[in-house]
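Peer 1: Sharing a structure, written as structure tokens. Questions coming.
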Amino acid sequence: MAESNTIVSNWKSLSAWSTELLPSNKQFGRWCEFVNHAHSHWSIEREQFDRFPAFIREGRFGDFRIATLTAPLSRIRGNRGQLEINRDADALYNILYVAEGAICLVIDGRDVEVHAGDVVLWDSTRPMTFITGEGLRQVTLCVAHDRLHRIYPNAGELVGKSFSCSSGLSRLFADHLLALDQQFGDLTCDQAWTVLDTSISLAISAFEAQNGDSRKPHASSLLADVCEYIERNIEDFDLSIPNVAQKHSISVRHLHRLFRDIDISASAYIIGRRLERCKHDLSSRAHSRETITDIAFRWGFADSGTFSKTFRREYGLTPRQFRSMNCG
């Protein structure tokens, strides 16, 4: 933590976040490393450049990240397949704003062209590709799936929908994001929670203004309450579909219908949240002395064998293999 309890030291020291101080032949490699650190894992097609001067800055607080990136050259291509997705400890929504230049994202087989002044949402759990345009400068605000789902359960429906931030709420959000990028490192912890929660609320309002609010007010509010209850009780071995339904005074059938609206079953949602918690701890050095069984039990898995099979089915790796790759 920086001096005076601010989040990131040297946030405004531009030279500290630039590749220009590196030898020319190492600049692009450092840029690729940054993309993999700040924007989840990618397979980037390596090119030979005489120089690759770029600005790369990232800060984290809680389950938020903010990252600024420039790319002076076009046609740099990165891919995220299941292998790269499985290496990530966190499931993130990424709100990407292009301040200069352009970038093309390929999401669900569809090209999404994002130009200067546009914003788009992408999901770290979905395969995708990026192709840079010349002179790109982008700012990305990342937030954990569970946090955004508590505010907007249907967030997945907004993925890949870009729009211009030329006026109204969208312009207000873009200005806010650029200001946040400048001041993020100087926030104190107490300030950061308030500012970042406000940032997400403003982002959702901007997306709704452009795409319409597709939520059913009562159903959405109830689903948000259910998801929040699950998060609070995810460690409880007794957390079950009938238990969750009873706590919210609804039938099991009604509960299943709520989750069907966001294309997942209630039981799969609970298992997925438990797996994400385990995945995070398995990749954390803070938990490196704990056994895999201890981590599984902490997040509600009563049997280590079942946990290992479920983990491998979901991520393509055993818990031990995943831990070795990410916390070795």
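Chain labels follow the order of the structure tokens: the first chain is A, the next B, and so on; residue numbering restarts at 1 in every chain, and ligands are counted from 1 in their shown order.
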Out of range 71-237 of chain A, which residues get strand (DSSP E) from DSSP, as a PyMOL selection string?
Peer 2: chain A and resi 71+77-80+92-100+102-107+110-115+118-123+128-132+136-144+163-164
Peer 1: With C-alpha atoms kept, could you save the residues just selected as a PDB file, in the first residue's frame?
Peer 2:
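Output contents, as saved in again.pdb:
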ATOM      1  CA  ALA A  71      -0.775  -0.061 -28.492  1.00  0.00           C
ATOM      2  CA  ARG A  77      -3.908 -10.233 -32.246  1.00  0.00           C
ATOM      3  CA  GLY A  78      -4.699 -12.046 -29.001  1.00  0.00           C
ATOM      4  CA  ASN A  79      -6.906 -15.077 -28.416  1.00  0.00           C
ATOM      5  CA  ARG A  80      -8.644 -16.476 -25.357  1.00  0.00           C
ATOM      6  CA  LEU A  92     -14.577 -10.880 -14.472  1.00  0.00           C
ATOM      7  CA  TYR A  93     -16.749  -8.542 -16.471  1.00  0.00           C
ATOM      8  CA  ASN A  94     -14.613  -5.953 -18.255  1.00  0.00           C
ATOM      9  CA  ILE A  95     -16.006  -2.544 -19.172  1.00  0.00           C
ATOM     10  CA  LEU A  96     -13.703  -1.348 -21.953  1.00  0.00           C
ATOM     11  CA  TYR A  97     -13.661   2.277 -23.130  1.00  0.00           C
ATOM     12  CA  VAL A  98     -11.619   3.266 -26.187  1.00  0.00           C
ATOM     13  CA  ALA A  99     -10.241   6.780 -25.699  1.00  0.00           C
ATOM     14  CA  GLU A 100      -8.184   6.820 -28.913  1.00  0.00           C
ATOM     15  CA  ALA A 102      -9.829   1.386 -32.277  1.00  0.00           C
ATOM     16  CA  ILE A 103      -9.979  -2.307 -31.446  1.00  0.00           C
ATOM     17  CA  CYS A 104     -11.953  -5.220 -32.868  1.00  0.00           C
ATOM     18  CA  LEU A 105     -13.255  -7.909 -30.522  1.00  0.00           C
ATOM     19  CA  VAL A 106     -14.573 -11.236 -31.770  1.00  0.00           C
ATOM     20  CA  ILE A 107     -17.187 -12.462 -29.288  1.00  0.00           C
ATOM     21  CA  ARG A 110     -19.270 -11.884 -34.147  1.00  0.00           C
ATOM     22  CA  ASP A 111     -16.959  -8.953 -34.918  1.00  0.00           C
ATOM     23  CA  VAL A 112     -17.480  -6.038 -32.529  1.00  0.00           C
ATOM     24  CA  GLU A 113     -15.778  -2.888 -33.815  1.00  0.00           C
ATOM     25  CA  VAL A 114     -15.019  -0.471 -30.982  1.00  0.00           C
ATOM     26  CA  HIS A 115     -13.884   3.002 -32.039  1.00  0.00           C
ATOM     27  CA  ASP A 118     -17.141   3.748 -27.686  1.00  0.00           C
ATOM     28  CA  VAL A 119     -17.583   1.377 -24.755  1.00  0.00           C
ATOM     29  CA  VAL A 120     -18.186  -2.384 -24.716  1.00  0.00           C
ATOM     30  CA  LEU A 121     -18.569  -5.122 -22.106  1.00  0.00           C
ATOM     31  CA  TRP A 122     -16.637  -8.398 -22.406  1.00  0.00           C
ATOM     32  CA  ASP A 123     -16.653 -11.467 -20.186  1.00  0.00           C
ATOM     33  CA  MET A 128     -12.831 -14.227 -27.645  1.00  0.00           C
ATOM     34  CA  THR A 129     -10.214 -12.513 -29.808  1.00  0.00           C
ATOM     35  CA  PHE A 130      -8.873  -8.970 -29.959  1.00  0.00           C
ATOM     36  CA  ILE A 131      -7.211  -7.212 -32.912  1.00  0.00           C
ATOM     37  CA  THR A 132      -5.766  -3.771 -32.227  1.00  0.00           C
ATOM     38  CA  LEU A 136      -5.075   2.450 -29.477  1.00  0.00           C
ATOM     39  CA  ARG A 137      -5.567   3.857 -25.990  1.00  0.00           C
ATOM     40  CA  GLN A 138      -8.117   2.054 -23.834  1.00  0.00           C
ATOM     41  CA  VAL A 139      -9.237   2.144 -20.215  1.00  0.00           C
ATOM     42  CA  THR A 140     -10.848  -0.958 -18.704  1.00  0.00           C
ATOM     43  CA  LEU A 141     -12.766  -1.258 -15.447  1.00  0.00           C
ATOM     44  CA  CYS A 142     -12.990  -4.890 -14.319  1.00  0.00           C
ATOM     45  CA  VAL A 143     -15.423  -6.225 -11.733  1.00  0.00           C
ATOM     46  CA  ALA A 144     -16.059  -9.718 -10.394  1.00  0.00           C
ATOM     47  CA  PHE A 163     -22.179   1.980 -28.083  1.00  0.00           C
ATOM     48  CA  SER A 164     -20.964   5.535 -28.426  1.00  0.00           C
TER      49      SER A 164
END
Peer 1: Would you return as a PyMOL selection string the members of range 196-324 of chain A that DSSP assigns to helix (DSSP H, G or I) on this structure's backbone?
Peer 2: chain A and resi 196-211+217-232+241-247+252-260+266-282+285-287+292-298+304-315+319-324
Peer 1: For Tyr315 in chain A, list every protein, DNA or RNA residue within 9 Å, evaluated using only C-alpha atoms, and leave out those in the same chain fewer than 5 positions away; present the list as a tab-separated table (two decimals) with N, CA and C atoms, in the first residue's frame.
Peer 2:
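As a result, selection.tsv now contains:
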chain	number	residue	atom	x	y	z
A	82	GLN	N	-10.37	-21.94	-24.23
A	82	GLN	CA	-10.68	-22.57	-22.96
A	82	GLN	C	-9.43	-22.77	-22.10
A	83	LEU	N	-8.29	-23.01	-22.74
A	83	LEU	CA	-7.05	-23.19	-21.98
A	83	LEU	C	-6.70	-21.92	-21.21
A	85	ILE	N	-8.75	-19.42	-20.45
A	85	ILE	CA	-9.82	-19.15	-19.48
A	85	ILE	C	-9.63	-19.97	-18.21
A	86	ASN	N	-9.24	-21.23	-18.38
A	86	ASN	CA	-9.07	-22.11	-17.22
A	86	ASN	C	-7.91	-21.69	-16.32
A	87	ARG	N	-6.99	-20.91	-16.85
A	87	ARG	CA	-5.85	-20.47	-16.04
A	87	ARG	C	-6.18	-19.29	-15.14
A	310	THR	N	-15.59	-32.64	-10.05
A	310	THR	CA	-16.36	-31.48	-10.50
A	310	THR	C	-15.44	-30.39	-11.02
A	322	PHE	N	-4.08	-27.35	-11.37
A	322	PHE	CA	-4.37	-25.91	-11.43
A	322	PHE	C	-3.51	-25.15	-10.43
Peer 1: Show which residues sit within 12 Å of Ile56 in chain A, as a PDB file with C-alpha atoms, in the first residue's frame. Count only C-alpha atoms, and ignore same-chain residues fewer than 3 positions away.
Peer 2:
ATOM      1  CA  TRP A  11       0.244   6.117  -9.878  1.00  0.00           C
ATOM      2  CA  SER A  13       4.602   8.698 -12.385  1.00  0.00           C
ATOM      3  CA  LEU A  14       4.214   8.212 -16.128  1.00  0.00           C
ATOM      4  CA  SER A  15       7.717   6.834 -16.634  1.00  0.00           C
ATOM      5  CA  ALA A  16       7.069   4.062 -14.092  1.00  0.00           C
ATOM      6  CA  TRP A  17       4.294   2.667 -16.281  1.00  0.00           C
ATOM      7  CA  SER A  18       5.946   2.957 -19.700  1.00  0.00           C
ATOM      8  CA  THR A  19       7.837   0.437 -21.815  1.00  0.00           C
ATOM      9  CA  GLU A  20      10.054   3.187 -23.259  1.00  0.00           C
ATOM     10  CA  GLN A  27       9.260  -3.579 -25.137  1.00  0.00           C
ATOM     11  CA  PHE A  28       6.683  -5.734 -26.929  1.00  0.00           C
ATOM     12  CA  ARG A  30       6.720  -6.526 -21.608  1.00  0.00           C
ATOM     13  CA  TRP A  31       3.472  -5.304 -23.183  1.00  0.00           C
ATOM     14  CA  CYS A  32       2.340  -8.904 -23.692  1.00  0.00           C
ATOM     15  CA  GLU A  33       3.159  -9.720 -20.068  1.00  0.00           C
ATOM     16  CA  PHE A  34       1.066  -6.760 -18.932  1.00  0.00           C
ATOM     17  CA  VAL A  35      -1.938  -7.849 -21.008  1.00  0.00           C
ATOM     18  CA  ASN A  36      -1.794 -11.284 -19.402  1.00  0.00           C
ATOM     19  CA  HIS A  37      -1.466  -9.829 -15.914  1.00  0.00           C
ATOM     20  CA  ALA A  38      -4.065  -7.064 -16.140  1.00  0.00           C
ATOM     21  CA  HIS A  39      -6.577  -8.521 -18.607  1.00  0.00           C
ATOM     22  CA  PHE A  52       7.060  -0.823 -29.097  1.00  0.00           C
ATOM     23  CA  PRO A  53       6.659   2.257 -26.857  1.00  0.00           C
ATOM     24  CA  GLY A  59      -4.337  -1.042 -10.127  1.00  0.00           C
ATOM     25  CA  ILE A  66      -8.646  -0.661 -13.555  1.00  0.00           C
ATOM     26  CA  ALA A  67      -6.153  -0.852 -16.396  1.00  0.00           C
ATOM     27  CA  THR A  68      -4.932   1.582 -19.045  1.00  0.00           C
ATOM     28  CA  LEU A  69      -3.173   0.294 -22.134  1.00  0.00           C
ATOM     29  CA  THR A  70      -1.852   1.776 -25.338  1.00  0.00           C
ATOM     30  CA  ALA A  71      -0.775  -0.061 -28.492  1.00  0.00           C
ATOM     31  CA  PRO A  72       0.993   2.058 -31.097  1.00  0.00           C
ATOM     32  CA  LEU A 136      -5.075   2.450 -29.477  1.00  0.00           C
ATOM     33  CA  ARG A 137      -5.567   3.857 -25.990  1.00  0.00           C
ATOM     34  CA  GLN A 138      -8.117   2.054 -23.834  1.00  0.00           C
ATOM     35  CA  VAL A 139      -9.237   2.144 -20.215  1.00  0.00           C
ATOM     36  CA  THR A 140     -10.848  -0.958 -18.704  1.00  0.00           C
ATOM     37  CA  ASP A 181      -8.170   6.307 -14.262  1.00  0.00           C
TER      38      ASP A 181
END
Peer 1: Considering only C-alpha atoms, can you say which of A:Trp299, A:Phe184, A:Tyr229, A:Tyr152 comes closest to Ala203 in chain A?
Peer 2: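 Checking each of A:Trp299, A:Phe184, A:Tyr229, A:Tyr152 against Ala203 in chain A, counting only C-alpha atoms, the winner is A:Tyr152.
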Peer 1: So which one's closest to Ile230 in chain A, A:Thr318, A:Asn10, A:Ser124, A:Asn243? Using only C-alpha atoms, please.
Peer 2: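 Among A:Thr318, A:Asn10, A:Ser124, A:Asn243, it is A:Asn243 that comes nearest to Ile230 in chain A.
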Peer 1: Please measure the separation of CA of Gly272 in chain A and CA of Ala224 in chain A, giving the value in Å to one decimal.
Peer 2: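 Going from CA of Gly272 in chain A over to CA of Ala224 in chain A, I get 16.3 Å.
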Peer 1: Considering only C-alpha atoms, can you say which of A:Lys12, A:Lys279, A:His176, A:His41 comes closest to Arg312 in chain A?
Peer 2: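 Closest residue, counting only C-alpha atoms: A:Lys279.
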Peer 1: Pick out the residues sitting within 12 Å of Asp263 in chain A, and hand them over as a ChimeraX atom specification; count only C-alpha atoms, and ignore anything fewer than 2 positions along from it in its own chain.
Peer 2: /A:153-157,256-261,265-266,268-269
Peer 1: Using only C-alpha atoms, can you tell me which of A:Arg232, A:Arg171, A:Arg253, A:Lys161 comes closest to Asp108 in chain A?
Peer 2: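 Closest to Asp108 in chain A, using only C-alpha atoms: A:Lys161.
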